[in-house]
file input_27.txt (compact mmCIF, C-alpha atoms and all ligand atoms)
# COMPACT_ATOMS: atom_id res chain seq x y z
CA MET I 1 -39.43 47.52 35.55
CA ARG I 2 -38.13 50.47 33.56
CA LYS I 3 -34.93 50.34 35.52
CA ILE I 4 -34.30 46.76 34.57
CA GLU I 5 -35.00 47.43 30.93
CA LYS I 6 -32.69 50.43 30.99
CA PHE I 7 -30.00 48.33 32.60
CA LEU I 8 -30.35 45.61 29.97
CA ARG I 9 -30.17 48.13 27.17
CA SER I 10 -27.00 49.58 28.63
CA LEU I 11 -25.50 46.12 28.69
CA THR I 12 -26.37 45.60 25.02
CA PHE I 13 -24.77 48.87 24.02
CA ASN I 14 -21.55 47.76 25.70
CA ILE I 15 -21.06 44.80 23.37
CA ARG I 16 -18.69 45.62 20.52
CA ARG I 17 -20.41 44.09 17.54
CA ASP I 18 -17.34 44.18 15.29
CA LYS I 19 -15.26 42.19 17.81
CA GLU I 20 -18.07 39.74 18.33
CA LEU I 21 -18.27 39.16 14.60
CA ASP I 22 -14.51 38.72 14.43
CA LEU I 23 -14.58 36.11 17.14
CA ASN I 24 -17.38 34.27 15.41
CA ARG I 25 -15.45 34.17 12.15
CA ARG I 26 -12.34 32.95 13.91
CA GLY I 27 -14.34 30.41 15.82
CA PHE I 28 -15.98 29.20 12.64
CA VAL I 29 -12.67 28.79 10.82
CA ALA I 30 -11.13 27.01 13.80
CA SER I 31 -14.12 24.67 14.06
CA ALA I 32 -14.10 23.95 10.33
CA LEU I 33 -10.38 23.18 10.37
CA SER I 34 -10.79 20.97 13.42
CA LEU I 35 -13.61 19.07 11.77
CA MET I 36 -11.59 18.63 8.59
CA GLY I 37 -8.69 17.32 10.67
CA ILE I 38 -10.94 14.88 12.47
CA PHE I 39 -12.47 13.63 9.21
CA PHE I 40 -9.03 13.27 7.65
CA LEU I 41 -7.59 11.38 10.61
CA SER I 42 -10.61 9.14 11.01
CA SER I 43 -10.77 8.25 7.31
CA THR I 44 -7.05 7.47 6.90
CA PRO I 45 -7.26 3.99 8.47
CA LEU I 46 -10.25 3.18 6.21
CA VAL I 47 -8.34 4.21 3.09
CA VAL I 48 -5.36 2.11 4.13
CA LEU I 49 -7.65 -0.84 4.91
CA SER I 50 -9.50 -0.61 1.59
CA LYS I 51 -6.19 -0.48 -0.31
CA LYS I 52 -5.03 -3.54 1.61
CA ILE I 53 -8.26 -5.43 0.88
CA GLU I 54 -8.10 -4.42 -2.79
CA LYS I 55 -4.50 -5.59 -3.00
CA GLU I 56 -5.31 -8.86 -1.28
CA SER I 57 -8.30 -9.50 -3.52
CA ASN I 58 -6.09 -8.89 -6.55
CA GLU I 59 -3.41 -11.21 -5.31
CA PHE I 60 -5.52 -14.25 -4.64
CA GLU I 61 -3.88 -17.30 -6.21
CA THR I 62 -6.03 -19.85 -7.97
CA LEU I 63 -5.32 -22.93 -10.07
CA ILE I 64 -6.72 -22.61 -13.62
CA ALA I 65 -5.56 -25.75 -15.39
CA ALA I 66 -2.76 -28.24 -15.57
CA GLN I 67 0.06 -27.41 -17.96
CA GLY I 68 -0.56 -29.39 -21.14
CA ASP I 69 -4.34 -29.50 -20.68
CA LEU I 70 -4.77 -27.04 -23.55
CA ALA I 71 -3.61 -27.44 -27.13
CA VAL I 72 -2.15 -24.36 -28.84
CA GLY I 73 -5.07 -22.08 -29.79
CA ASP I 74 -7.41 -23.52 -27.18
CA SER I 75 -8.91 -21.64 -24.27
CA VAL I 76 -10.47 -22.40 -20.94
CA ALA I 77 -12.87 -20.26 -18.89
CA PHE I 78 -12.34 -19.58 -15.21
CA SER I 79 -13.18 -16.94 -12.61
CA TYR I 80 -10.73 -14.48 -11.13
CA PRO I 81 -10.24 -12.87 -8.68
CA LYS I 82 -13.80 -13.47 -7.49
CA GLU I 83 -16.42 -16.01 -8.41
CA HIS I 84 -18.31 -13.47 -10.55
CA ASP I 85 -15.29 -12.21 -12.49
CA PRO I 86 -15.24 -14.18 -15.75
CA ALA I 87 -11.84 -14.81 -17.26
CA LEU I 88 -10.26 -16.74 -20.09
CA LEU I 89 -6.93 -18.54 -20.36
CA ILE I 90 -5.63 -18.96 -23.91
CA ARG I 91 -2.62 -20.95 -25.03
CA ILE I 92 -1.02 -18.91 -27.81
CA SER I 93 2.10 -21.06 -28.45
CA GLU I 94 3.88 -24.13 -27.11
CA THR I 95 5.29 -22.05 -24.27
CA GLU I 96 3.03 -19.01 -23.96
CA TYR I 97 -0.34 -18.40 -22.37
CA ARG I 98 -2.44 -15.30 -21.92
CA ALA I 99 -5.30 -14.67 -19.52
CA TYR I 100 -7.78 -11.80 -19.39
CA ASN I 101 -10.82 -10.69 -17.54
CA ILE I 102 -13.44 -10.99 -20.27
CA LYS I 103 -15.86 -8.25 -19.29
CA CYS I 104 -15.67 -5.95 -22.29
CA THR I 105 -14.30 -2.55 -21.34
CA HIS I 106 -17.07 -0.89 -23.33
CA LEU I 107 -20.30 -2.07 -21.67
CA MET I 108 -19.22 -5.27 -19.92
CA CYS I 109 -20.49 -7.88 -22.41
CA PRO I 110 -18.58 -11.14 -22.17
CA VAL I 111 -15.78 -11.36 -24.71
CA TYR I 112 -15.04 -14.71 -26.34
CA TRP I 113 -11.98 -16.22 -28.02
CA GLU I 114 -12.23 -16.50 -31.80
CA LYS I 115 -9.56 -19.07 -32.62
CA GLU I 116 -9.96 -18.79 -36.42
CA ASP I 117 -9.31 -15.02 -36.40
CA TRP I 118 -6.89 -15.20 -33.45
CA LYS I 119 -8.76 -12.37 -31.68
CA LEU I 120 -10.90 -11.78 -28.64
CA VAL I 121 -14.31 -10.65 -29.80
CA CYS I 122 -17.11 -8.77 -28.10
CA PRO I 123 -20.39 -9.66 -29.83
CA CYS I 124 -22.40 -6.72 -28.46
CA HIS I 125 -20.93 -3.87 -30.54
CA HIS I 126 -18.17 -5.65 -32.45
CA GLY I 127 -15.25 -4.84 -30.22
CA PHE I 128 -12.00 -6.69 -30.96
CA PHE I 129 -9.03 -7.23 -28.66
CA ASP I 130 -5.48 -8.42 -29.35
CA VAL I 131 -4.71 -11.73 -27.65
CA GLU I 132 -1.05 -10.72 -27.21
CA ASP I 133 -1.72 -7.92 -24.72
CA GLY I 134 -5.48 -7.43 -24.51
CA SER I 135 -5.29 -4.09 -26.34
CA VAL I 136 -8.17 -2.82 -28.46
CA LEU I 137 -7.92 -3.66 -32.17
CA ALA I 138 -11.23 -2.16 -33.27
CA GLY I 139 -14.68 -1.14 -32.11
CA PRO I 140 -16.03 1.10 -29.38
CA PRO I 141 -13.95 -0.08 -26.37
CA GLN I 142 -11.41 2.51 -25.25
CA ARG I 143 -9.39 0.41 -22.85
CA ALA I 144 -7.56 -2.90 -23.03
CA LEU I 145 -8.88 -5.93 -21.20
CA PRO I 146 -7.50 -6.37 -17.68
CA THR I 147 -4.61 -8.83 -17.79
CA ILE I 148 -4.49 -11.74 -15.39
CA ASN I 149 -0.92 -12.52 -14.45
CA LEU I 150 0.04 -16.18 -14.39
CA ALA I 151 2.45 -18.38 -12.50
CA PHE I 152 3.58 -21.87 -13.49
CA LYS I 153 4.40 -24.36 -10.77
CA ASP I 154 3.92 -28.04 -9.92
CA ASN I 155 2.62 -28.61 -13.45
CA GLY I 156 -0.22 -26.14 -12.83
CA ILE I 157 -1.11 -22.76 -14.32
CA TYR I 158 -2.16 -20.30 -11.63
CA ALA I 159 -3.78 -16.87 -11.77
CA VAL I 160 -1.88 -14.74 -9.28
CA SER I 161 -2.90 -11.11 -9.82
CA ILE I 162 -4.74 -8.80 -12.17
CA THR I 163 -3.45 -5.69 -13.91
CA GLN I 164 -5.92 -3.05 -15.04
CA ALA I 165 -5.22 -1.25 -18.29
CA GLN I 166 -3.65 2.18 -17.70
CA HIS I 167 -5.41 3.95 -20.58
S1 LIG Z 1 -19.88 -4.09 -24.86
FE1 LIG Z 1 -18.22 -4.80 -25.99
S2 LIG Z 1 -18.15 -3.56 -27.68
FE2 LIG Z 1 -19.80 -2.80 -26.54

call {"tool": "encode", "arguments": {"input": "input_27.txt", "output": "structure tokens"}}
result
Amino acid sequence: MRKIEKFLRSLTFNIRRDKELDLNRRGFVASALSLMGIFFLSSTPLVVLSKKIEKESNEFETLIAAQGDLAVGDSVAFSYPKEHDPALLIRISETEYRAYNIKCTHLMCPVYWEKEDWKLVCPCHHGFFDVEDGSVLAGPPQRALPTINLAFKDNGIYAVSITQAQH
């Protein structure tokens, strides 16, 4: 029994602890880098797919109204790009229309069109937006309303994409 124990001890004393530690560190770094590589490679297709889906959802085309349905200064509500995304189309001159997502950029209250003041108004904390470009005129919102880009064809007005404010 003593012989076996002595033999085992001699084996243990033969191991160079510093080298063993070095190998472990190297092994750890190699494993970590490999794992990072695997995560990166496996997530890349998902990122590409999500960008594609986002782009597609923002480029859905939908008919809002027929040209001439609205008098100058009038507005019509619609949803874009999804059913639960409230939006407003406003005719601001004989030839010009504007459309915005109407979730206030402060705390998401629905913004409405105030024809008399020619402004978009958020009733929650008195936020005001310019109908020309959706920019903030006054109040707590820090960002402009997202703009819905329009196309005119076959006597219809279509929402074709949405542009988020950059600031
Ligand atoms: S939610 Fe519109 S101003 Fe606060």

call {"tool": "axis_aligned_box", "arguments": {"input": "input_27.txt", "around": "ligand LIG 1 (chain Z)", "padding_each_side": "8 Å", "output": "JSON"}}
result
{"center_x": -19.0, "center_y": -3.8, "center_z": -26.3, "size_x": 17.7, "size_y": 18.0, "size_z": 18.8}

call {"tool": "residues_around", "arguments": {"input": "input_27.txt", "residues": "Lys119 in chain I", "least_positions_apart": "4", "cutoff": "9 Å", "atoms": "all atoms listed in the file", "output": "PyMOL selection string"}}
result
chain I and resi 112-115+128-131+137

call {"tool": "closest_residue", "arguments": {"input": "input_27.txt", "among": "I:Gly68, I:Pro81, I:Pro123, I:Gly37", "to": "ligand LIG 1 (chain Z)", "atoms": "all atoms listed in the file"}}
result
I:Pro123

call {"tool": "residues_near_ligand", "arguments": {"input": "input_27.txt", "ligand": "ligand LIG 1 (chain Z)", "cutoff": "10 Å", "atoms": "all atoms listed in the file", "output": "ChimeraX atom specification"}}
result
/I:102-111,121-129,138-142

call {"tool": "atom_distance", "arguments": {"input": "input_27.txt", "atom1": "CA of Gly156 in chain I", "atom2": "CA of Asp117 in chain I"}}
result
27.6 Å

call {"tool": "atom_distance", "arguments": {"input": "input_27.txt", "atom1": "CA of His84 in chain I", "atom2": "CA of Glu116 in chain I"}}
result
27.7 Å

call {"tool": "closest_residue", "arguments": {"input": "input_27.txt", "among": "I:Ser79, I:Thr62, I:Gln67, I:Thr147", "to": "Glu94 in chain I", "atoms": "all atoms listed in the file"}}
result
I:Gln67

call {"tool": "atom_distance", "arguments": {"input": "input_27.txt", "atom1": "CA of Pro86 in chain I", "atom2": "CA of Asp133 in chain I"}}
result
17.4 Å

call {"tool": "closest_residue", "arguments": {"input": "input_27.txt", "among": "I:Asp69, I:Ala77, I:Ser135, I:Trp118", "to": "Ile92 in chain I", "atoms": "all atoms listed in the file"}}
result
I:Trp118

call {"tool": "residues_near_point", "arguments": {"input": "input_27.txt", "point": "(-7.8, -16.6, -18.7)", "cutoff": "12 Å", "atoms": "all atoms listed in the file", "output": "PyMOL selection string"}}
result
chain I and resi 62-65+70+74-81+85-92+97-103+111-113+120+131+134+145-150+157-162

call {"tool": "closest_residue", "arguments": {"input": "input_27.txt", "among": "I:Val72, I:Ala165, I:Ala66, I:Val136", "to": "Phe152 in chain I", "atoms": "all atoms listed in the file"}}
result
I:Ala66

call {"tool": "build_atoms", "arguments": {"input": "input_27.txt", "residues": "range 85-106 of chain I", "atoms": "N, CA and C atoms", "output": "PDB file, in the frame of the given file"}}
result
ATOM      1  N   ASP I  85     -16.178 -12.901 -11.560  1.00  0.00           N
ATOM      2  CA  ASP I  85     -15.290 -12.210 -12.490  1.00  0.00           C
ATOM      3  C   ASP I  85     -14.864 -13.189 -13.577  1.00  0.00           C
ATOM      4  N   PRO I  86     -15.556 -13.197 -14.714  1.00  0.00           N
ATOM      5  CA  PRO I  86     -15.240 -14.180 -15.750  1.00  0.00           C
ATOM      6  C   PRO I  86     -13.893 -13.890 -16.403  1.00  0.00           C
ATOM      7  N   ALA I  87     -13.169 -14.953 -16.675  1.00  0.00           N
ATOM      8  CA  ALA I  87     -11.840 -14.810 -17.260  1.00  0.00           C
ATOM      9  C   ALA I  87     -11.599 -15.945 -18.232  1.00  0.00           C
ATOM     10  N   LEU I  88     -10.576 -15.751 -19.059  1.00  0.00           N
ATOM     11  CA  LEU I  88     -10.260 -16.740 -20.090  1.00  0.00           C
ATOM     12  C   LEU I  88      -8.753 -16.935 -20.146  1.00  0.00           C
ATOM     13  N   LEU I  89      -8.346 -18.202 -20.156  1.00  0.00           N
ATOM     14  CA  LEU I  89      -6.930 -18.540 -20.360  1.00  0.00           C
ATOM     15  C   LEU I  89      -6.804 -19.064 -21.783  1.00  0.00           C
ATOM     16  N   ILE I  90      -5.819 -18.554 -22.513  1.00  0.00           N
ATOM     17  CA  ILE I  90      -5.630 -18.960 -23.910  1.00  0.00           C
ATOM     18  C   ILE I  90      -4.171 -19.375 -24.096  1.00  0.00           C
ATOM     19  N   ARG I  91      -3.985 -20.527 -24.734  1.00  0.00           N
ATOM     20  CA  ARG I  91      -2.620 -20.950 -25.030  1.00  0.00           C
ATOM     21  C   ARG I  91      -2.268 -20.444 -26.422  1.00  0.00           C
ATOM     22  N   ILE I  92      -1.301 -19.530 -26.508  1.00  0.00           N
ATOM     23  CA  ILE I  92      -1.020 -18.910 -27.810  1.00  0.00           C
ATOM     24  C   ILE I  92       0.209 -19.510 -28.502  1.00  0.00           C
ATOM     25  N   SER I  93       0.986 -20.349 -27.798  1.00  0.00           N
ATOM     26  CA  SER I  93       2.100 -21.060 -28.450  1.00  0.00           C
ATOM     27  C   SER I  93       2.461 -22.238 -27.551  1.00  0.00           C
ATOM     28  N   GLU I  94       3.476 -22.977 -27.927  1.00  0.00           N
ATOM     29  CA  GLU I  94       3.880 -24.130 -27.110  1.00  0.00           C
ATOM     30  C   GLU I  94       4.246 -23.700 -25.685  1.00  0.00           C
ATOM     31  N   THR I  95       4.795 -22.487 -25.579  1.00  0.00           N
ATOM     32  CA  THR I  95       5.290 -22.050 -24.270  1.00  0.00           C
ATOM     33  C   THR I  95       4.564 -20.849 -23.671  1.00  0.00           C
ATOM     34  N   GLU I  96       3.639 -20.260 -24.430  1.00  0.00           N
ATOM     35  CA  GLU I  96       3.030 -19.010 -23.960  1.00  0.00           C
ATOM     36  C   GLU I  96       1.510 -19.125 -23.760  1.00  0.00           C
ATOM     37  N   TYR I  97       1.083 -18.485 -22.685  1.00  0.00           N
ATOM     38  CA  TYR I  97      -0.340 -18.400 -22.370  1.00  0.00           C
ATOM     39  C   TYR I  97      -0.686 -16.947 -22.106  1.00  0.00           C
ATOM     40  N   ARG I  98      -1.933 -16.608 -22.307  1.00  0.00           N
ATOM     41  CA  ARG I  98      -2.440 -15.300 -21.920  1.00  0.00           C
ATOM     42  C   ARG I  98      -3.755 -15.496 -21.182  1.00  0.00           C
ATOM     43  N   ALA I  99      -4.023 -14.604 -20.245  1.00  0.00           N
ATOM     44  CA  ALA I  99      -5.300 -14.670 -19.520  1.00  0.00           C
ATOM     45  C   ALA I  99      -5.835 -13.266 -19.322  1.00  0.00           C
ATOM     46  N   TYR I 100      -7.138 -13.111 -19.510  1.00  0.00           N
ATOM     47  CA  TYR I 100      -7.780 -11.800 -19.390  1.00  0.00           C
ATOM     48  C   TYR I 100      -9.109 -11.916 -18.670  1.00  0.00           C
ATOM     49  N   ASN I 101      -9.447 -10.839 -17.993  1.00  0.00           N
ATOM     50  CA  ASN I 101     -10.820 -10.690 -17.540  1.00  0.00           C
ATOM     51  C   ASN I 101     -11.617 -10.426 -18.810  1.00  0.00           C
ATOM     52  N   ILE I 102     -12.754 -11.100 -18.980  1.00  0.00           N
ATOM     53  CA  ILE I 102     -13.440 -10.990 -20.270  1.00  0.00           C
ATOM     54  C   ILE I 102     -14.692 -10.117 -20.228  1.00  0.00           C
ATOM     55  N   LYS I 103     -14.782  -9.239 -19.235  1.00  0.00           N
ATOM     56  CA  LYS I 103     -15.860  -8.250 -19.290  1.00  0.00           C
ATOM     57  C   LYS I 103     -15.373  -7.140 -20.216  1.00  0.00           C
ATOM     58  N   CYS I 104     -16.074  -6.964 -21.311  1.00  0.00           N
ATOM     59  CA  CYS I 104     -15.670  -5.950 -22.290  1.00  0.00           C
ATOM     60  C   CYS I 104     -15.548  -4.593 -21.605  1.00  0.00           C
ATOM     61  N   THR I 105     -14.513  -3.862 -21.966  1.00  0.00           N
ATOM     62  CA  THR I 105     -14.300  -2.550 -21.340  1.00  0.00           C
ATOM     63  C   THR I 105     -15.217  -1.479 -21.909  1.00  0.00           C
ATOM     64  N   HIS I 106     -16.077  -1.857 -22.845  1.00  0.00           N
ATOM     65  CA  HIS I 106     -17.070  -0.890 -23.330  1.00  0.00           C
ATOM     66  C   HIS I 106     -18.281  -0.935 -22.416  1.00  0.00           C
TER      67      HIS I 106
END
